Amino acid sequence: MEEIPEHTIIYTRPTDHLLLLLGGLGTALYMIFFLVQTEYLLGFSFICLSIFLIYRYIQTSKPQPKLILSQEGIQLIGQPFVSWAMVHGLQIRPDIKGNNYSETFVFTNNGRIQEIPIPKLSITSWQLEKLLEIYQERFRVTQIVED
């Protein structure tokens, strides 16, 4: 088979929360203004708020793990691992709303429908589809060998 590792971690695409950065920098300006006016309590309050907003911007800008694929199954971060034998209705569904086109990764496990918008992942739908095919094929081969 191809050079695909035993498991693949798919991350979320980093989000741009520029409003947090803008708010952090704006409150830093207020901090300077109040410190110059010798309003130290307000100045230090604004420096704390500025640091907090910039920190939140940095945290939300980092990609987070969302999905783990392996030859044994699939796992959404924060949810239990699911064997490929329990996964049904696996598809990449196109979503068309007016002029907007996007795709959603959909599968069912234990009667629970999971939907993950692909634009929020750091992978293309084509790459995801290829990985799913390879891992499911590896699972089938191991099941045949075990039987």
# chains A, B, ... in the order shown; residues from 1 in each chain; ligands from 1
call {"tool": "select_by_dssp", "arguments": {"residues": "chain A", "states": "alpha helix (DSSP H)", "output": "JSON, numbers by chain"}}
result
{"A": [18, 19, 20, 21, 22, 23, 24, 25, 26, 27, 28, 29, 30, 31, 32, 33, 34, 35, 36, 40, 41, 42, 43, 44, 45, 46, 47, 48, 49, 50, 51, 52, 53, 54, 55, 56, 57, 58, 59, 60, 61, 125, 126, 127, 128, 129, 130, 131, 132, 133, 134, 135, 136, 137, 138, 139, 140, 141, 142, 143, 144, 145, 146]}
call {"tool": "atom_distance", "arguments": {"atom1": "CA of Leu49 in chain A", "atom2": "CA of Ala28 in chain A"}}
result
8.4 Å
call {"tool": "residues_around", "arguments": {"residues": "Leu22 in chain A", "least_positions_apart": "4", "cutoff": "10 Å", "atoms": "only C-alpha atoms", "output": "MDAnalysis selection string"}}
result
chainID A and resid 17:18 26:28 50 53:54 57
call {"tool": "write_last_selection", "arguments": {"atoms": "N, CA and C atoms", "output": "PDB file, in the first residue's frame"}}
result
ATOM      1  N   HIS A  17      -9.650  35.243  14.170  1.00  0.00           N
ATOM      2  CA  HIS A  17     -10.469  36.045  15.079  1.00  0.00           C
ATOM      3  C   HIS A  17      -9.773  37.394  15.223  1.00  0.00           C
ATOM      4  N   LEU A  18      -9.706  38.093  14.114  1.00  0.00           N
ATOM      5  CA  LEU A  18      -8.996  39.373  14.107  1.00  0.00           C
ATOM      6  C   LEU A  18      -9.637  40.395  15.033  1.00  0.00           C
ATOM      7  N   GLY A  26      -6.440  47.744  20.613  1.00  0.00           N
ATOM      8  CA  GLY A  26      -7.195  48.957  20.949  1.00  0.00           C
ATOM      9  C   GLY A  26      -7.181  49.240  22.438  1.00  0.00           C
ATOM     10  N   THR A  27      -7.352  48.207  23.251  1.00  0.00           N
ATOM     11  CA  THR A  27      -7.318  48.431  24.705  1.00  0.00           C
ATOM     12  C   THR A  27      -5.911  48.799  25.167  1.00  0.00           C
ATOM     13  N   ALA A  28      -4.881  48.365  24.413  1.00  0.00           N
ATOM     14  CA  ALA A  28      -3.516  48.776  24.754  1.00  0.00           C
ATOM     15  C   ALA A  28      -3.366  50.288  24.568  1.00  0.00           C
ATOM     16  N   SER A  50      -6.128  43.858  27.659  1.00  0.00           N
ATOM     17  CA  SER A  50      -5.373  43.768  26.417  1.00  0.00           C
ATOM     18  C   SER A  50      -4.609  42.446  26.343  1.00  0.00           C
ATOM     19  N   LEU A  53      -7.112  39.543  25.726  1.00  0.00           N
ATOM     20  CA  LEU A  53      -7.630  39.478  24.351  1.00  0.00           C
ATOM     21  C   LEU A  53      -6.577  38.981  23.368  1.00  0.00           C
ATOM     22  N   ILE A  54      -5.352  39.432  23.520  1.00  0.00           N
ATOM     23  CA  ILE A  54      -4.281  38.967  22.627  1.00  0.00           C
ATOM     24  C   ILE A  54      -3.989  37.493  22.878  1.00  0.00           C
ATOM     25  N   TYR A  57      -6.655  35.491  21.207  1.00  0.00           N
ATOM     26  CA  TYR A  57      -6.427  35.479  19.758  1.00  0.00           C
ATOM     27  C   TYR A  57      -5.382  34.434  19.396  1.00  0.00           C
TER      28      TYR A  57
END
call {"tool": "residues_around", "arguments": {"residues": "Ile118 in chain A", "least_positions_apart": "3", "cutoff": "10 Å", "atoms": "only C-alpha atoms", "output": "PyMOL selection string"}}
result
chain A and resi 12-13+92-94+102-106+115+121-125+128
call {"tool": "write_last_selection", "arguments": {"atoms": "C-alpha atoms", "output": "PDB file, in the first residue's frame"}}
result
ATOM      1  CA  THR A  12      -8.973  22.134  12.241  1.00  0.00           C
ATOM      2  CA  ARG A  13      -8.045  25.011  10.017  1.00  0.00           C
ATOM      3  CA  ILE A  92     -18.682  13.482   1.593  1.00  0.00           C
ATOM      4  CA  ARG A  93     -21.870  15.427   0.982  1.00  0.00           C
ATOM      5  CA  PRO A  94     -21.903  18.549  -1.184  1.00  0.00           C
ATOM      6  CA  SER A 102     -18.973  23.485   0.470  1.00  0.00           C
ATOM      7  CA  GLU A 103     -18.659  19.864   1.492  1.00  0.00           C
ATOM      8  CA  THR A 104     -19.450  18.019   4.701  1.00  0.00           C
ATOM      9  CA  PHE A 105     -17.981  14.726   5.907  1.00  0.00           C
ATOM     10  CA  VAL A 106     -20.900  12.613   7.169  1.00  0.00           C
ATOM     11  CA  GLU A 115     -21.249  15.878  10.418  1.00  0.00           C
ATOM     12  CA  LEU A 121     -10.486  21.004   8.396  1.00  0.00           C
ATOM     13  CA  SER A 122      -6.896  21.347   7.245  1.00  0.00           C
ATOM     14  CA  ILE A 123      -7.442  18.776   4.495  1.00  0.00           C
ATOM     15  CA  THR A 124      -9.224  18.755   1.154  1.00  0.00           C
ATOM     16  CA  SER A 125     -12.201  16.525   0.487  1.00  0.00           C
ATOM     17  CA  LEU A 128      -9.880  12.880   3.077  1.00  0.00           C
TER      18      LEU A 128
END
call {"tool": "atom_distance", "arguments": {"atom1": "CA of His88 in chain A", "atom2": "CA of Thr108 in chain A"}}
result
5.0 Å
call {"tool": "closest_atom_pairs", "arguments": {"of": "range 33-99 of chain A", "to": "range 135-139 of chain A", "cutoff": "9 Å", "atoms": "only C-alpha atoms", "output": "Markdown table"}}
result
| residue | atom | partner | partner_atom | distance |
| --- | --- | --- | --- | --- |
| A:Leu69 | CA | A:Tyr135 | CA | 7.3 |
| A:Ser70 | CA | A:Tyr135 | CA | 5.9 |
| A:Gln71 | CA | A:Tyr135 | CA | 4.6 |
| A:Glu72 | CA | A:Phe139 | CA | 6.0 |
| A:Gly73 | CA | A:Tyr135 | CA | 7.8 |
| A:Trp84 | CA | A:Gln136 | CA | 6.8 |
| A:Ala85 | CA | A:Phe139 | CA | 8.7 |
call {"tool": "closest_residue", "arguments": {"among": "A:Pro117, A:Gly24, A:Phe81, A:Pro14", "to": "Tyr101 in chain A", "atoms": "only C-alpha atoms"}}
result
A:Pro117
call {"tool": "atom_distance", "arguments": {"atom1": "CA of Phe107 in chain A", "atom2": "CA of Gly89 in chain A"}}
result
5.2 Å
call {"tool": "select_by_dssp", "arguments": {"residues": "chain A", "states": "strand (DSSP E)", "output": "number ranges by chain"}}
result
A: 7-11, 65-70, 73-76, 82-83, 87-97, 100-109, 112-117
call {"tool": "residues_around", "arguments": {"residues": "Thr15 in chain A", "least_positions_apart": "4", "cutoff": "8 Å", "atoms": "only C-alpha atoms", "output": "list in words"}}
result
Thr60, Ser61, Lys62 and Pro63 of chain A
call {"tool": "write_last_selection", "arguments": {"atoms": "C-alpha atoms", "output": "mmCIF file, in the first residue's frame"}}
result
data_model
loop_
_atom_site.group_PDB
_atom_site.id
_atom_site.type_symbol
_atom_site.label_atom_id
_atom_site.label_comp_id
_atom_site.auth_asym_id
_atom_site.auth_seq_id
_atom_site.Cartn_x
_atom_site.Cartn_y
_atom_site.Cartn_z
ATOM 1 C CA THR A 60 -7.911 30.436 18.796
ATOM 2 C CA SER A 61 -5.478 30.870 15.892
ATOM 3 C CA LYS A 62 -3.766 27.526 16.569
ATOM 4 C CA PRO A 63 -5.013 24.451 14.699
#
call {"tool": "closest_residue", "arguments": {"among": "A:Ile96, A:Leu90, A:Cys48, A:Leu35", "to": "Ile113 in chain A", "atoms": "only C-alpha atoms"}}
result
A:Leu90
call {"tool": "residues_around", "arguments": {"residues": "Gln75 in chain A", "least_positions_apart": "3", "cutoff": "12 Å", "atoms": "only C-alpha atoms", "output": "number ranges by chain"}}
result
A: 7-10, 65-72, 78-84, 86-87, 107, 109, 114
